[in-house]
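Trainee: I have a structure I would like to understand better, so I am pasting it below and will then ask my questions one at a time.
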Amino acid sequence: MPDGPDLSAETTRWDEAFATVDRWLVATVADVSRLGAEAHRLYPSRTATNGWRVPVTLESGVRRLDILVGESFPFDPPRLALVDPPPHLTWPHLESDGCICLLSSGTPVLTDDPVAMITRLLMEAVQWIEQSEGGTNLDDFRVEFLSYWAADAGVPPVRSLLEPHGPSRVIAVHRMQGYYVVAEDAATLNGWLNHAVPTKLVRPREFDPALLIWLDLPMLPAEYPTSAADIVRRVQQAGLGSDIERLGANQLQRIVVVFGAESGNGPAFAAVVLRPGAEDRRGRRGLERGFRPGRTPAAVLANRFLGSSQSRKAEVERIDAGWIHGRDADPHLPTLRAAKVVVIGCGSLGGPVALSLAQAGVGALDLVDPETLKAANVGRHSLGASEIGVSKAIGLAARIQAEYPHIHRVEGHCEGWKATAVRQPERLTRADLLISTIGDWPPEAALNAWRRDRAATPDLLFGWTEPHAVAGHAVGLVRGHGCLACGLSAWGEPLLPVGAWPNGTGQRGEPACGVVYQPYGPVDAAHVAALITEAAIDMLLGRVEHPFHRLWVARESVLSGAGGVWSEAWVESCGGRPLGGVSVDRRWPSRPGCPICGGGDRPKV
């Protein structure tokens, strides 16, 4: 029995690709040499196992390039390195070990033609060298600013909630264990921390002023600050000289300065942290030498702190809503951020729907469900075993708020929707959208009637699954139009079911009174949750004008495997050729004689 996997095919493929390129280079390039094991010694941080050194003739002279290949060649493209590079950060796209960044992530690779792949890389390398020698690509330093601003060792990163635009201004910073957090003001920062770190505090959080310096352009490497004096000069040029002097007199441990600019690929942030030198790290005591405690003039303190401070670069990671939801490229985010949604029913459908809405950027969520999580729910719920016994609504709200702390508000209510309507009616009446995934006709019939009895109520979306999740339904009632009961029987059964069950649905019961369930899993329900979420987003963005009915229908093999057949109504709606594995969008009917609306289109006033 072999000791491990058979890698002979991979080895043969590598050998053939390497030999093909080797023959081509020897035939076309003079003075080419193989690197062999030297490749790894020369570039120890790379995965190179072999390669070639080739001379390239340019107008300026001859340059030498190393072509490096690894174990996954030809599926992974080779890396090119400049043998005699200029000092780091002199040329863009050149890393400290001489390797050149020519291919962006996701660039197609010619795996079946390694010669063509290397030809392309060499042509791009020649073009890059000529541009770099002529200084015509310096703007690449600005466009890809974040690739070149490297944090100094041991400096905690900065996580930013800042609005990515000017002007230069005073902001707020809080020191966490392992990183800083910056925001526009202390209130915004405290709100984020309350969501991200929901613990009872023994003492109030401390917030310090910090500075955001908004630049016309990202800095070139030659402009990167190397001292506190460089920082002070930049801050003074931005018109915040008095602010840094005030910080220098009051914040004797550290000052955080964030730089921001529009890069051409979107806003970019970087930061520096000013810390006192070794002789002044005793804080005020060290900086007040020669004066009585508390009597040192503020200007002296500021000059001493700023004059002795060390400037250390820190990386900035954006955690604001605009970046998290679409990397500043989602034009619908402002609308979603302003939206207020109530999800009624936080089970196997409502839980994923609520989570997906948070991920989409919805700014305020109220989650309503009277049940607690049981062990049997865990297999297809957004919560897990650690939350057994916890309110589904409250537990889900806590998880969403902690994982997406930039969201304005997420609250859970362990109660039915009627209790919420009595206790806090504005939660429902002032929402932009109500979503019900209760899947039980009596409470949803009451919710439908409650909406019909009010002239000005939010849009309402109902979502449910058929037995075994062989189909899912999303019914949207928009702009005061539509009635759920118009498309259901008096028993709450859809007039257009997808599946029929000649031998029963297979509904099962637990060894407890009245406890029944359908044995489908999370994968089956995922399609339905996505259907409901998409409908919700369309309603929030005003993409629908009329009451609608959307269906997701499983493949026929799923239906038959669960013991079902196509219903007569579904066959008829499909013109005699029932469809499976599809999504369908149709108008929700208005039924004459409906017991709730009488077939009228408008709600009662």
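In the structure tokens, chains take the letters A, B, ... in the order shown, each chain's residues start at 1, and ligands count up from 1 in the order shown.
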Show me, as a PyMOL selection string, the residues that have an atom within 10 Å of Pro502 in chain A when counting only C-alpha atoms, minus same-chain residues fewer than 4 positions from it.
Mentor: chain A and resi 563-565
Trainee: Find the spatial neighbours of Glu426 in chain A, counting only C-alpha atoms, within a cut-off of 12 Å - ignore same-chain residues fewer than 5 positions away - and output them as a PDB file with N, CA and C atoms, in the first residue's frame.
Mentor:
ATOM      1  N   LYS A 340     -35.640  50.954   8.249  1.00  0.00           N
ATOM      2  CA  LYS A 340     -36.026  50.284   9.501  1.00  0.00           C
ATOM      3  C   LYS A 340     -36.889  49.091   9.137  1.00  0.00           C
ATOM      4  N   VAL A 342     -38.651  45.289  10.447  1.00  0.00           N
ATOM      5  CA  VAL A 342     -39.067  44.406  11.533  1.00  0.00           C
ATOM      6  C   VAL A 342     -39.194  42.995  10.963  1.00  0.00           C
ATOM      7  N   ASP A 366     -35.559  45.301  14.037  1.00  0.00           N
ATOM      8  CA  ASP A 366     -36.271  44.795  15.209  1.00  0.00           C
ATOM      9  C   ASP A 366     -36.641  43.351  14.923  1.00  0.00           C
ATOM     10  N   THR A 420     -45.909  43.252  20.713  1.00  0.00           N
ATOM     11  CA  THR A 420     -45.112  44.401  20.290  1.00  0.00           C
ATOM     12  C   THR A 420     -46.016  45.530  19.805  1.00  0.00           C
ATOM     13  N   ALA A 421     -47.077  45.185  19.068  1.00  0.00           N
ATOM     14  CA  ALA A 421     -47.994  46.202  18.563  1.00  0.00           C
ATOM     15  C   ALA A 421     -48.707  46.939  19.687  1.00  0.00           C
ATOM     16  N   ALA A 431     -41.912  51.502  10.822  1.00  0.00           N
ATOM     17  CA  ALA A 431     -40.932  50.728  10.063  1.00  0.00           C
ATOM     18  C   ALA A 431     -41.144  50.949   8.569  1.00  0.00           C
ATOM     19  N   ASP A 432     -40.114  50.709   7.801  1.00  0.00           N
ATOM     20  CA  ASP A 432     -40.234  50.777   6.341  1.00  0.00           C
ATOM     21  C   ASP A 432     -40.736  49.462   5.763  1.00  0.00           C
ATOM     22  N   THR A 457     -49.649  52.158   6.623  1.00  0.00           N
ATOM     23  CA  THR A 457     -48.829  51.193   7.332  1.00  0.00           C
ATOM     24  C   THR A 457     -47.642  50.819   6.458  1.00  0.00           C
ATOM     25  N   PRO A 458     -46.640  50.178   7.024  1.00  0.00           N
ATOM     26  CA  PRO A 458     -45.485  49.812   6.206  1.00  0.00           C
ATOM     27  C   PRO A 458     -45.841  48.751   5.173  1.00  0.00           C
TER      28      PRO A 458
END
Trainee: Excluding Glu184 in chain A and its own-chain neighbours fewer than 2 positions away, which residues fall within 12 Å of it when counting only C-alpha atoms? Please give them as a PDB file with N, CA and C atoms, in the first residue's frame.
Mentor:
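In the end it all went to around_29.pdb:
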ATOM      1  N   SER A 160     -10.840  52.176  11.459  1.00  0.00           N
ATOM      2  CA  SER A 160     -11.442  53.482  11.204  1.00  0.00           C
ATOM      3  C   SER A 160     -12.934  53.407  10.918  1.00  0.00           C
ATOM      4  N   LEU A 161     -13.685  54.212  11.651  1.00  0.00           N
ATOM      5  CA  LEU A 161     -15.109  54.443  11.373  1.00  0.00           C
ATOM      6  C   LEU A 161     -15.316  55.799  10.713  1.00  0.00           C
ATOM      7  N   LEU A 162     -14.249  56.437  10.280  1.00  0.00           N
ATOM      8  CA  LEU A 162     -14.320  57.806   9.771  1.00  0.00           C
ATOM      9  C   LEU A 162     -15.061  57.881   8.442  1.00  0.00           C
ATOM     10  N   GLU A 163     -15.687  59.036   8.213  1.00  0.00           N
ATOM     11  CA  GLU A 163     -16.233  59.328   6.894  1.00  0.00           C
ATOM     12  C   GLU A 163     -15.048  59.585   5.962  1.00  0.00           C
ATOM     13  N   PRO A 164     -15.008  58.920   4.811  1.00  0.00           N
ATOM     14  CA  PRO A 164     -13.807  58.988   3.955  1.00  0.00           C
ATOM     15  C   PRO A 164     -13.767  60.233   3.077  1.00  0.00           C
ATOM     16  N   HIS A 165     -13.663  61.381   3.694  1.00  0.00           N
ATOM     17  CA  HIS A 165     -13.570  62.636   2.940  1.00  0.00           C
ATOM     18  C   HIS A 165     -13.030  63.728   3.856  1.00  0.00           C
ATOM     19  N   GLY A 166     -12.677  64.863   3.248  1.00  0.00           N
ATOM     20  CA  GLY A 166     -12.217  66.006   4.015  1.00  0.00           C
ATOM     21  C   GLY A 166     -13.389  66.756   4.606  1.00  0.00           C
ATOM     22  N   PRO A 167     -13.090  67.834   5.332  1.00  0.00           N
ATOM     23  CA  PRO A 167     -11.789  68.481   5.503  1.00  0.00           C
ATOM     24  C   PRO A 167     -10.998  67.859   6.645  1.00  0.00           C
ATOM     25  N   SER A 168      -9.804  68.387   6.859  1.00  0.00           N
ATOM     26  CA  SER A 168      -9.023  67.988   8.033  1.00  0.00           C
ATOM     27  C   SER A 168      -9.782  68.403   9.280  1.00  0.00           C
ATOM     28  N   ARG A 169      -9.716  67.554  10.314  1.00  0.00           N
ATOM     29  CA  ARG A 169     -10.544  67.830  11.482  1.00  0.00           C
ATOM     30  C   ARG A 169     -10.049  67.041  12.688  1.00  0.00           C
ATOM     31  N   VAL A 170     -10.573  67.443  13.857  1.00  0.00           N
ATOM     32  CA  VAL A 170     -10.320  66.719  15.091  1.00  0.00           C
ATOM     33  C   VAL A 170     -11.297  65.546  15.157  1.00  0.00           C
ATOM     34  N   ILE A 171     -10.795  64.371  15.506  1.00  0.00           N
ATOM     35  CA  ILE A 171     -11.618  63.170  15.598  1.00  0.00           C
ATOM     36  C   ILE A 171     -11.431  62.564  16.987  1.00  0.00           C
ATOM     37  N   ALA A 172     -11.937  61.363  17.206  1.00  0.00           N
ATOM     38  CA  ALA A 172     -11.831  60.699  18.500  1.00  0.00           C
ATOM     39  C   ALA A 172     -11.147  59.352  18.341  1.00  0.00           C
ATOM     40  N   VAL A 173     -10.398  58.937  19.357  1.00  0.00           N
ATOM     41  CA  VAL A 173      -9.693  57.659  19.321  1.00  0.00           C
ATOM     42  C   VAL A 173      -9.852  56.969  20.665  1.00  0.00           C
ATOM     43  N   HIS A 174      -9.926  55.644  20.619  1.00  0.00           N
ATOM     44  CA  HIS A 174      -9.965  54.832  21.838  1.00  0.00           C
ATOM     45  C   HIS A 174      -8.939  53.717  21.676  1.00  0.00           C
ATOM     46  N   VAL A 181      -9.161  52.447  17.743  1.00  0.00           N
ATOM     47  CA  VAL A 181     -10.372  52.683  16.962  1.00  0.00           C
ATOM     48  C   VAL A 181     -10.570  54.192  16.876  1.00  0.00           C
ATOM     49  N   VAL A 182     -10.808  54.693  15.662  1.00  0.00           N
ATOM     50  CA  VAL A 182     -11.055  56.119  15.470  1.00  0.00           C
ATOM     51  C   VAL A 182     -12.432  56.320  14.864  1.00  0.00           C
ATOM     52  N   ALA A 186     -16.732  61.146  19.932  1.00  0.00           N
ATOM     53  CA  ALA A 186     -16.767  60.186  21.025  1.00  0.00           C
ATOM     54  C   ALA A 186     -18.094  59.441  21.079  1.00  0.00           C
ATOM     55  N   ALA A 187     -19.196  60.108  20.723  1.00  0.00           N
ATOM     56  CA  ALA A 187     -20.506  59.447  20.782  1.00  0.00           C
ATOM     57  C   ALA A 187     -20.583  58.305  19.773  1.00  0.00           C
ATOM     58  N   THR A 188     -20.122  58.550  18.552  1.00  0.00           N
ATOM     59  CA  THR A 188     -20.117  57.493  17.533  1.00  0.00           C
ATOM     60  C   THR A 188     -19.215  56.346  17.968  1.00  0.00           C
ATOM     61  N   LEU A 189     -18.070  56.680  18.498  1.00  0.00           N
ATOM     62  CA  LEU A 189     -17.116  55.669  18.932  1.00  0.00           C
ATOM     63  C   LEU A 189     -17.672  54.849  20.086  1.00  0.00           C
ATOM     64  N   ASN A 190     -18.314  55.513  21.030  1.00  0.00           N
ATOM     65  CA  ASN A 190     -18.885  54.794  22.171  1.00  0.00           C
ATOM     66  C   ASN A 190     -20.012  53.868  21.729  1.00  0.00           C
ATOM     67  N   GLY A 191     -20.834  54.320  20.770  1.00  0.00           N
ATOM     68  CA  GLY A 191     -21.906  53.463  20.267  1.00  0.00           C
ATOM     69  C   GLY A 191     -21.370  52.216  19.601  1.00  0.00           C
ATOM     70  N   TRP A 192     -20.308  52.363  18.815  1.00  0.00           N
ATOM     71  CA  TRP A 192     -19.704  51.199  18.164  1.00  0.00           C
ATOM     72  C   TRP A 192     -19.141  50.247  19.200  1.00  0.00           C
ATOM     73  N   PHE A 207     -11.783  58.417  25.991  1.00  0.00           N
ATOM     74  CA  PHE A 207     -11.642  58.800  24.594  1.00  0.00           C
ATOM     75  C   PHE A 207     -10.714  59.995  24.515  1.00  0.00           C
ATOM     76  N   ASP A 208      -9.817  59.955  23.576  1.00  0.00           N
ATOM     77  CA  ASP A 208      -8.873  61.050  23.380  1.00  0.00           C
ATOM     78  C   ASP A 208      -9.126  61.709  22.036  1.00  0.00           C
ATOM     79  N   PRO A 209      -8.837  62.991  21.933  1.00  0.00           N
ATOM     80  CA  PRO A 209      -8.859  63.620  20.612  1.00  0.00           C
ATOM     81  C   PRO A 209      -7.731  63.073  19.743  1.00  0.00           C
ATOM     82  N   ALA A 210      -7.973  62.986  18.478  1.00  0.00           N
ATOM     83  CA  ALA A 210      -6.970  62.627  17.479  1.00  0.00           C
ATOM     84  C   ALA A 210      -7.169  63.561  16.301  1.00  0.00           C
ATOM     85  N   LEU A 211      -6.361  63.411  15.279  1.00  0.00           N
ATOM     86  CA  LEU A 211      -6.434  64.323  14.145  1.00  0.00           C
ATOM     87  C   LEU A 211      -6.558  63.543  12.845  1.00  0.00           C
ATOM     88  N   LEU A 212      -7.417  64.032  11.945  1.00  0.00           N
ATOM     89  CA  LEU A 212      -7.492  63.544  10.571  1.00  0.00           C
ATOM     90  C   LEU A 212      -6.978  64.647   9.669  1.00  0.00           C
ATOM     91  N   VAL A 258      -4.216  60.573  11.685  1.00  0.00           N
ATOM     92  CA  VAL A 258      -4.641  59.793  10.518  1.00  0.00           C
ATOM     93  C   VAL A 258      -4.535  60.677   9.284  1.00  0.00           C
ATOM     94  N   ASP A 320     -15.948  51.106   8.541  1.00  0.00           N
ATOM     95  CA  ASP A 320     -17.187  51.874   8.408  1.00  0.00           C
ATOM     96  C   ASP A 320     -18.140  51.162   7.465  1.00  0.00           C
TER      97      ASP A 320
END
Trainee: Give one line per residue of range 210-308 of chain A that approaches range 324-333 of chain A to at most 12 Å, naming the two atoms of the closest pair and their distance in Å to one decimal, counting only C-alpha atoms; sort by chain then ascending residue number and deliver it as CSV.
Mentor:
residue,atom,partner,partner_atom,distance
A:Asn265,CA,A:Asp328,CA,10.4
A:Gly266,CA,A:Asp328,CA,7.8
A:Pro267,CA,A:Asp328,CA,9.0
A:Ala268,CA,A:Asp328,CA,11.6
Trainee: Could you please determine the separation between CA of Glu124 in chain A and CA of Pro221 in chain A in Å, to one decimal place?
Mentor: 23.2 Å
Trainee: Using only C-alpha atoms, which residues sit within 12 Å of range 32-37 of chain A once same-chain residues fewer than 4 positions away are excluded, as a PyMOL selection string?
Mentor: chain A and resi 18-19+21-28+41-44+47-56+64-70
Trainee: Just the residues within 9 Å of Asn137 in chain A, please, counting only C-alpha atoms, with nothing from its chain fewer than 6 positions along; format it as a ChimeraX atom specification.
Mentor: /A:91-92,128,131
Trainee: Per DSSP on the backbone, filter range 176-399 of chain A down to the residues in alpha helix (DSSP H) and report them as an MDAnalysis selection string.
Mentor: chainID A and resid 186:196 228:237 241:250 284:287 298:308 321:324 333:338 350:360 392:399
Trainee: So the first atom is CA of Cys414 in chain A and the second is CA of Val478 in chain A; what is the distance between them in Å, to one decimal place?
Mentor: 27.1 Å
Trainee: Quick one: pick out all strand (DSSP E) residues within range 279-403 of chain A from a backbone DSSP run and write them as number ranges by chain.
Mentor: A: 310-314, 316-318, 340-344, 364-368
Trainee: Store the residues of this selection in a file with C-alpha atoms, as a CSV table (one decimal), in the first residue's frame.
Mentor:
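Output file result26.csv follows:
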chain,number,residue,atom,x,y,z
A,310,GLN,CA,9.0,59.3,17.8
A,311,SER,CA,6.8,59.0,14.8
A,312,ARG,CA,5.8,55.4,14.1
A,313,LYS,CA,3.7,54.4,11.1
A,314,ALA,CA,0.5,52.4,11.6
A,316,VAL,CA,-5.5,51.7,8.9
A,317,GLU,CA,-8.3,49.3,8.3
A,318,ARG,CA,-11.6,50.7,7.4
A,340,LYS,CA,-36.0,50.3,9.5
A,341,VAL,CA,-37.1,46.7,9.2
A,342,VAL,CA,-39.1,44.4,11.5
A,343,VAL,CA,-38.6,40.6,11.2
A,344,ILE,CA,-41.4,38.7,12.8
A,364,ALA,CA,-32.1,49.3,12.0
A,365,LEU,CA,-33.6,45.9,12.7
A,366,ASP,CA,-36.3,44.8,15.2
A,367,LEU,CA,-36.5,41.0,15.6
A,368,VAL,CA,-39.7,39.6,17.1
Trainee: Could you give me, as a list in words, the residues within 8 Å of Ala321 in chain A, counting only C-alpha atoms and dropping anything in the same chain fewer than 5 positions from it?
Mentor: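 Neighbouring residues, sequence-local ones excluded: Leu161, Gly361, His406 and Ile407 of chain A.
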Trainee: Contacts of Gly98 in chain A at 9 Å or less, counting only C-alpha atoms, minus same-chain residues fewer than 5 places along, as a list in words?
Mentor: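 Answer for this query is Tyr43, Leu80, Ala81, Leu82, Val83, Asp84, Pro85, Pro86 and His88 of chain A.
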Trainee: Give the answer as one residue: which of A:Arg175, A:Arg304, A:Arg555, A:Arg205 has the shortest atom-to-atom distance to Ala228 in chain A, using only C-alpha atoms?
Mentor: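 Comparing A:Arg175, A:Arg304, A:Arg555, A:Arg205 against Ala228 in chain A, the winner is A:Arg304.
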Trainee: Return the single residue from A:Ala358, A:Val410, A:Leu306, A:Ala39 that is closest to Ala397 in chain A, with distances computed using only C-alpha atoms.
Mentor: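 Checking each of A:Ala358, A:Val410, A:Leu306, A:Ala39 against Ala397 in chain A, counting only C-alpha atoms, the winner is A:Val410.
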Trainee: CA of Gly154 in chain A and CA of Gly178 in chain A, how far apart in Å?
Mentor: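 The value is 9.8 Å.
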Trainee: Pick from A:Gly575, A:Gly580, A:Pro589, A:Gly307: nearest to Gly476 in chain A, with only C-alpha atoms counted?
Mentor: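 Closest candidate: A:Pro589.
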Trainee: Rank nothing, just name the residue among A:Leu460, A:Leu551, A:Ile319, A:Cys346 nearest to Arg586 in chain A, using only C-alpha atoms.
Mentor: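 For Arg586 in chain A, the nearest of the candidates is A:Leu551.
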